[in-house]
Number of protein chains: 2
Amino acid sequence: MSAPGSLEKLIEALRCLPGVGPKSAQRMAYHLLQRERPGAERLADALGEALQRIHHCQRCNTFTEEEICDRCASSKRDSSLLCVVEMPVDLNMMEQTHAFNGLYYVLMGRLSPLDGIGPKELKLDRLLERAADQQVREVIMATNFTNEGEATAHYLSELLHARGLKVSRIARGLPVGGELEFTDAGTIAQAMYERRDY
Amino acid sequence: MSAPGSLEKLIEALRCLPGVGPKSAQRMAYHLLQRERPGAERLADALGEALQRIHHCQRCNTFTEEEICDRCASSKRDSSLLCVVEMPVDLNMMEQTHAFNGLYYVLMGRLSPLDGIGPKELKLDRLLERAADQQVREVIMATNFTNEGEATAHYLSELLHARGLKVSRIARGLPVGGELEFTDAGTIAQAMYERRDY
């Protein structure tokens with residue numbers, strides 16, 4: 001009776017994937033076992049290898065196989081600018097813009113008291129230590145404009161200000177291609193408050 | 001044979017309504033004639049009355065029944081700020097934000113060379129005259145962030161600058177509640193360029 005037990009364990013394990021409920025997990029498990037045994041094996045290996053090799057960059061906290069990731073080690077990046085994002089996916093989005101050539105710090109989350117995630121859980125001390133690097137001239141908050149992202153940016157900006165650092169926030173306003181008619185009032189209000197000289 | 005002629009004219013006339021094609025126009029016409037004759041009469045009267053009474057405000061160019069609209073005539077608005085929008089609907093959106101207590105100028109369109117709408121067709125002279133009012137301290141461009149809206153803002157800003165006026169543009173950036181992961185690269189890039197000090 002060991003087989004059903006391990007099937008159930010696999011189904012349960014698959015549920016840790018985002019957006020996968022009990023039914024999808026079951027379907028995935030059957031598919032892997034019936035038709036994709038080589039794929040399942042590769043997946044198991046890949047998971048094992050990733051878990052073993054990938055850890056956090058000592059400088060920017062993103063995922064890397066090195067002690068310090070390629071970006072942080074690069075001499076082509078502007079080390080006077082430090083951009084703080086919530087997750088590696090946000091870092092990737094920012095990189096795709098080609099609008100920023102500085103360095104990053106990835107929080108791997110956001111302050112979220114309701115979920116029990118405070119400054120300690122986010123290890124904000126590590127960011128403060130990183131920002132204390134003499135080369136950093138400006139810390140740019142690029143957390144999301146959700147309530148939690150805003151609170152995180154605000155909290156961090158106070159800590160960084162207290163250490164005498166210049167802190168900025170990426171702009172709020174209308175998206176590229178945006179029309180007033182189809183934009184929410186809060187965003188239009190921000191665009192008005194934060195208007196720029198022509 | 002005069003009846004079919006006027007029905008066809010009505011159907012054709014209804015097609016001037018936005019989003020109404022030949023089929024909707026036919027359906028509307030039959031509905032009005034069969035079941036909504038009092039409504040159709042009220043519509044005809046309302047159209048006639050509106051056409052007769054409503055014209056453009058001498059100051060802000062929006063629709064009004066007065067010579068000068070209530071907003072322009074109000075002493076409670078800050079007459080040192082002049083916000084330029086494309087259409088009355090944009091003015092309404094801006095008013096809903098309660099973020100602006102200045103006055104407006106409604107272009108009633110945007111520069112669109114492909115549609116044959118140039119500075120003359122938009123009567124930009126009237127705006128320049130309005131902005132020359134000694135009380136105006138800053139002209140805020142709140143045209144849309146579409147290609148045409150941007151071009152209009154840019155063109156106008158040069159004309160106004162040449163007259164020694166301070167010109168600004170409402171901000172581009174992430175919308176309120178916006179997350180980097182789901183925002184286009186162009187908008188994130190603008191949010192980075194236009195970041196503000198904390």
# chains A, B, ... in the order shown; residues from 1 in each chain; ligands from 1
>>> residues_around(residues="stretch 178-185 of chain B", least_positions_apart="4", cutoff="7 Å", atoms="only C-alpha atoms", output="number ranges by chain")
A: 89-90, 93, 96-97, 144-146; B: 174, 189
>>> write_last_selection(atoms="N, CA and C atoms", output="short mmCIF file (atom, residue, chain, number, x, y, z; two decimals), in the first residue's frame")
data_model
loop_
_atom_site.label_atom_id
_atom_site.label_comp_id
_atom_site.auth_asym_id
_atom_site.auth_seq_id
_atom_site.Cartn_x
_atom_site.Cartn_y
_atom_site.Cartn_z
N VAL A 89 11.01 39.28 -10.38
CA VAL A 89 10.23 39.56 -11.59
C VAL A 89 10.15 41.07 -11.84
N ASP A 90 10.15 41.86 -10.76
CA ASP A 90 10.12 43.32 -10.91
C ASP A 90 11.46 43.82 -11.45
N MET A 93 11.41 43.23 -15.11
CA MET A 93 10.61 44.23 -15.82
C MET A 93 11.41 45.52 -15.99
N GLN A 96 14.03 45.30 -18.61
CA GLN A 96 13.49 45.32 -19.98
C GLN A 96 13.27 46.74 -20.49
N THR A 97 13.17 47.70 -19.59
CA THR A 97 12.93 49.07 -20.04
C THR A 97 14.20 49.71 -20.60
N ASN A 144 5.90 48.23 -5.70
CA ASN A 144 4.63 48.44 -6.39
C ASN A 144 3.81 49.56 -5.75
N PHE A 145 2.84 50.08 -6.53
CA PHE A 145 1.98 51.13 -6.00
C PHE A 145 0.72 50.55 -5.37
N THR A 146 0.85 49.38 -4.79
CA THR A 146 -0.21 48.79 -3.96
C THR A 146 -0.06 49.38 -2.56
N LEU B 174 3.33 54.92 -13.00
CA LEU B 174 2.46 53.78 -12.72
C LEU B 174 1.15 54.26 -12.15
N ALA B 189 9.71 52.73 -17.73
CA ALA B 189 10.85 53.58 -18.08
C ALA B 189 10.55 55.04 -17.75
#
>>> select_by_dssp(residues="stretch 2-137 of chain B", states="strand (DSSP E or B)", output="ChimeraX atom specification")
/B:55-56,63-64,78-85,102-106,112,117
>>> write_last_selection(atoms="C-alpha atoms", output="tab-separated table (two decimals), in the first residue's frame")
chain	number	residue	atom	x	y	z
B	55	HIS	CA	-22.25	77.22	-27.44
B	56	HIS	CA	-18.63	77.52	-26.37
B	63	PHE	CA	-19.95	73.83	-23.71
B	64	THR	CA	-22.15	76.26	-21.82
B	78	ASP	CA	-7.41	79.73	-8.79
B	79	SER	CA	-7.07	81.81	-11.94
B	80	SER	CA	-3.27	81.53	-11.92
B	81	LEU	CA	-3.45	77.89	-13.11
B	82	LEU	CA	-4.74	77.00	-16.57
B	83	CYS	CA	-5.20	73.31	-17.34
B	84	VAL	CA	-5.42	72.37	-21.03
B	85	VAL	CA	-7.51	69.26	-21.83
B	102	GLY	CA	-7.65	76.20	-11.27
B	103	LEU	CA	-9.28	77.01	-14.59
B	104	TYR	CA	-9.40	75.06	-17.83
B	105	TYR	CA	-9.07	75.42	-21.54
B	106	VAL	CA	-10.80	72.74	-23.62
B	112	SER	CA	-4.09	65.14	-35.89
B	117	ILE	CA	-6.61	68.80	-37.93
>>> select_by_dssp(residues="stretch 18-89 of chain A", states="alpha helix (DSSP H)", output="VMD selection string")
chain A and resid 22 to 35 37 to 53 70 to 73 88 to 89
>>> residues_around(residues="B:Gly177", least_positions_apart="4", cutoff="10 Å", atoms="only C-alpha atoms", output="ChimeraX atom specification")
/A:144-150,172,186-187
>>> closest_residue(among="B:Ile188, B:Leu17, B:Leu33, B:Arg195", to="A:Glu95", atoms="only C-alpha atoms")
B:Ile188
>>> residues_around(residues="A:Ala131", least_positions_apart="4", cutoff="12 Å", atoms="only C-alpha atoms", output="PyMOL selection string")
chain A and resi 59-60+79-84+103-105+124-127+135-140+156-157+159-161+163-167
>>> closest_residue(among="A:Glu8, A:Glu158, A:Glu36, A:Asp197", to="chain B", atoms="only C-alpha atoms")
A:Asp197
>>> atom_distance(atom1="atom CA of B:Arg37", atom2="atom CA of B:Ile54")
25.1 Å
>>> atom_distance(atom1="atom CA of A:Met141", atom2="atom CA of A:Asp70")
21.9 Å
>>> atom_distance(atom1="atom CA of A:Pro175", atom2="atom CA of A:Asn92")
18.8 Å
>>> closest_residue(among="A:Ile11, A:Ala142, A:Cys16, A:Ala132", to="chain B", atoms="only C-alpha atoms")
A:Ala142
>>> residues_around(residues="B:Met108", least_positions_apart="3", cutoff="8 Å", atoms="only C-alpha atoms", output="PyMOL selection string")
chain B and resi 61-62+86-88+122
>>> write_last_selection(atoms="N, CA and C atoms", output="short mmCIF file (atom, residue, chain, number, x, y, z; two decimals), in the first residue's frame")
data_model
loop_
_atom_site.label_atom_id
_atom_site.label_comp_id
_atom_site.auth_asym_id
_atom_site.auth_seq_id
_atom_site.Cartn_x
_atom_site.Cartn_y
_atom_site.Cartn_z
N ASN B 61 -13.76 77.59 -23.59
CA ASN B 61 -14.12 76.88 -24.81
C ASN B 61 -14.98 75.63 -24.58
N THR B 62 -15.36 75.34 -23.32
CA THR B 62 -16.21 74.17 -23.10
C THR B 62 -17.65 74.53 -23.45
N GLU B 86 -8.21 67.93 -23.72
CA GLU B 86 -8.69 67.75 -25.09
C GLU B 86 -10.20 67.95 -25.20
N MET B 87 -10.96 67.28 -24.33
CA MET B 87 -12.41 67.27 -24.47
C MET B 87 -13.10 67.57 -23.14
N PRO B 88 -14.38 67.97 -23.18
CA PRO B 88 -15.11 68.20 -21.94
C PRO B 88 -15.11 66.97 -21.01
N LEU B 122 -7.83 73.65 -34.85
CA LEU B 122 -8.04 73.60 -33.39
C LEU B 122 -8.18 75.01 -32.81
#
>>> closest_residue(among="A:Ala171, A:Ala29, A:Met192, A:Ala153", to="B:Ala99", atoms="only C-alpha atoms")
A:Met192
>>> decode(residues="stretch 87-135 of chain B", atoms="N, CA and C atoms", output="compact mmCIF listing (two decimals), in the first residue's frame")
# COMPACT_ATOMS: atom_id res chain seq x y z
N MET B 87 -10.96 67.28 -24.33
CA MET B 87 -12.41 67.27 -24.47
C MET B 87 -13.10 67.57 -23.14
N PRO B 88 -14.38 67.97 -23.18
CA PRO B 88 -15.11 68.20 -21.94
C PRO B 88 -15.11 66.97 -21.01
N VAL B 89 -15.10 65.77 -21.59
CA VAL B 89 -15.10 64.57 -20.76
C VAL B 89 -13.81 64.50 -19.93
N ASP B 90 -12.71 65.01 -20.48
CA ASP B 90 -11.44 65.03 -19.74
C ASP B 90 -11.50 66.03 -18.60
N LEU B 91 -12.15 67.17 -18.87
CA LEU B 91 -12.36 68.17 -17.83
C LEU B 91 -13.17 67.55 -16.68
N ASN B 92 -14.21 66.80 -17.03
CA ASN B 92 -15.02 66.17 -15.99
C ASN B 92 -14.21 65.18 -15.16
N MET B 93 -13.35 64.40 -15.83
CA MET B 93 -12.52 63.44 -15.11
C MET B 93 -11.60 64.17 -14.14
N MET B 94 -11.01 65.25 -14.61
CA MET B 94 -10.11 66.02 -13.76
C MET B 94 -10.86 66.61 -12.57
N GLU B 95 -12.05 67.12 -12.80
CA GLU B 95 -12.84 67.69 -11.71
C GLU B 95 -13.17 66.63 -10.65
N GLN B 96 -13.41 65.41 -11.10
CA GLN B 96 -13.75 64.34 -10.16
C GLN B 96 -12.62 64.02 -9.20
N THR B 97 -11.39 64.36 -9.58
CA THR B 97 -10.26 64.07 -8.70
C THR B 97 -10.19 65.02 -7.51
N HIS B 98 -10.82 66.20 -7.64
CA HIS B 98 -10.71 67.25 -6.61
C HIS B 98 -9.25 67.62 -6.37
N ALA B 99 -8.39 67.37 -7.35
CA ALA B 99 -6.96 67.64 -7.17
C ALA B 99 -6.57 68.96 -7.81
N PHE B 100 -7.52 69.63 -8.42
CA PHE B 100 -7.20 70.83 -9.18
C PHE B 100 -8.29 71.86 -8.99
N ASN B 101 -7.89 73.06 -8.58
CA ASN B 101 -8.88 74.11 -8.37
C ASN B 101 -8.63 75.32 -9.27
N GLY B 102 -7.89 75.11 -10.34
CA GLY B 102 -7.65 76.20 -11.27
C GLY B 102 -8.70 76.26 -12.35
N LEU B 103 -8.36 76.91 -13.47
CA LEU B 103 -9.28 77.01 -14.59
C LEU B 103 -8.81 76.10 -15.73
N TYR B 104 -9.69 75.97 -16.73
CA TYR B 104 -9.40 75.06 -17.83
C TYR B 104 -9.40 75.77 -19.18
N TYR B 105 -8.80 75.10 -20.15
CA TYR B 105 -9.07 75.42 -21.54
C TYR B 105 -9.29 74.10 -22.28
N VAL B 106 -10.44 73.99 -22.94
CA VAL B 106 -10.80 72.74 -23.62
C VAL B 106 -10.53 72.91 -25.11
N LEU B 107 -9.60 72.09 -25.63
CA LEU B 107 -9.22 72.21 -27.04
C LEU B 107 -10.33 71.79 -27.99
N MET B 108 -11.21 70.90 -27.51
CA MET B 108 -12.22 70.29 -28.37
C MET B 108 -11.55 69.50 -29.49
N GLY B 109 -10.52 68.78 -29.12
CA GLY B 109 -9.83 67.95 -30.09
C GLY B 109 -8.35 67.89 -29.79
N ARG B 110 -7.59 67.47 -30.77
CA ARG B 110 -6.13 67.36 -30.64
C ARG B 110 -5.54 67.52 -32.03
N LEU B 111 -4.28 67.88 -32.09
CA LEU B 111 -3.62 67.95 -33.39
C LEU B 111 -3.60 66.55 -34.00
N SER B 112 -4.03 66.44 -35.23
CA SER B 112 -4.09 65.14 -35.89
C SER B 112 -3.94 65.36 -37.39
N PRO B 113 -2.69 65.53 -37.82
CA PRO B 113 -2.44 65.88 -39.22
C PRO B 113 -3.09 64.89 -40.19
N LEU B 114 -3.10 63.61 -39.81
CA LEU B 114 -3.67 62.61 -40.72
C LEU B 114 -5.16 62.85 -40.95
N ASP B 115 -5.82 63.44 -39.96
CA ASP B 115 -7.24 63.76 -40.13
C ASP B 115 -7.43 65.21 -40.57
N GLY B 116 -6.36 65.85 -40.94
CA GLY B 116 -6.45 67.24 -41.40
C GLY B 116 -6.73 68.25 -40.30
N ILE B 117 -6.39 67.86 -39.04
CA ILE B 117 -6.61 68.80 -37.93
C ILE B 117 -5.28 69.41 -37.51
N GLY B 118 -5.05 70.62 -37.90
CA GLY B 118 -3.82 71.33 -37.57
C GLY B 118 -4.11 72.45 -36.58
N PRO B 119 -3.12 73.28 -36.30
CA PRO B 119 -3.28 74.38 -35.35
C PRO B 119 -4.45 75.30 -35.70
N LYS B 120 -4.66 75.52 -36.99
CA LYS B 120 -5.76 76.40 -37.39
C LYS B 120 -7.11 75.79 -37.06
N GLU B 121 -7.27 74.51 -37.41
CA GLU B 121 -8.56 73.84 -37.17
C GLU B 121 -8.86 73.80 -35.67
N LEU B 122 -7.83 73.65 -34.85
CA LEU B 122 -8.04 73.60 -33.39
C LEU B 122 -8.18 75.01 -32.81
N LYS B 123 -7.99 76.01 -33.62
CA LYS B 123 -8.07 77.41 -33.16
C LYS B 123 -7.17 77.64 -31.95
N LEU B 124 -5.92 77.26 -32.10
CA LEU B 124 -4.99 77.41 -30.98
C LEU B 124 -4.75 78.88 -30.64
N ASP B 125 -5.01 79.77 -31.60
CA ASP B 125 -4.88 81.21 -31.33
C ASP B 125 -5.72 81.61 -30.13
N ARG B 126 -6.91 81.02 -30.04
CA ARG B 126 -7.79 81.38 -28.93
C ARG B 126 -7.18 81.00 -27.59
N LEU B 127 -6.52 79.81 -27.55
CA LEU B 127 -5.85 79.40 -26.32
C LEU B 127 -4.70 80.35 -25.98
N LEU B 128 -3.93 80.71 -27.00
CA LEU B 128 -2.78 81.60 -26.76
C LEU B 128 -3.26 82.93 -26.20
N GLU B 129 -4.37 83.41 -26.74
CA GLU B 129 -4.97 84.66 -26.27
C GLU B 129 -5.41 84.51 -24.81
N ARG B 130 -6.07 83.35 -24.54
CA ARG B 130 -6.54 83.09 -23.19
C ARG B 130 -5.37 83.03 -22.20
N ALA B 131 -4.29 82.36 -22.62
CA ALA B 131 -3.14 82.17 -21.73
C ALA B 131 -2.38 83.49 -21.52
N ALA B 132 -2.60 84.43 -22.43
CA ALA B 132 -1.90 85.72 -22.31
C ALA B 132 -2.50 86.57 -21.19
N ASP B 133 -3.65 86.13 -20.67
CA ASP B 133 -4.27 86.77 -19.51
C ASP B 133 -3.19 86.95 -18.43
N GLN B 134 -3.07 88.17 -17.91
CA GLN B 134 -1.99 88.45 -16.95
C GLN B 134 -2.04 87.57 -15.70
N GLN B 135 -3.23 87.04 -15.40
CA GLN B 135 -3.35 86.25 -14.17
C GLN B 135 -2.73 84.86 -14.28
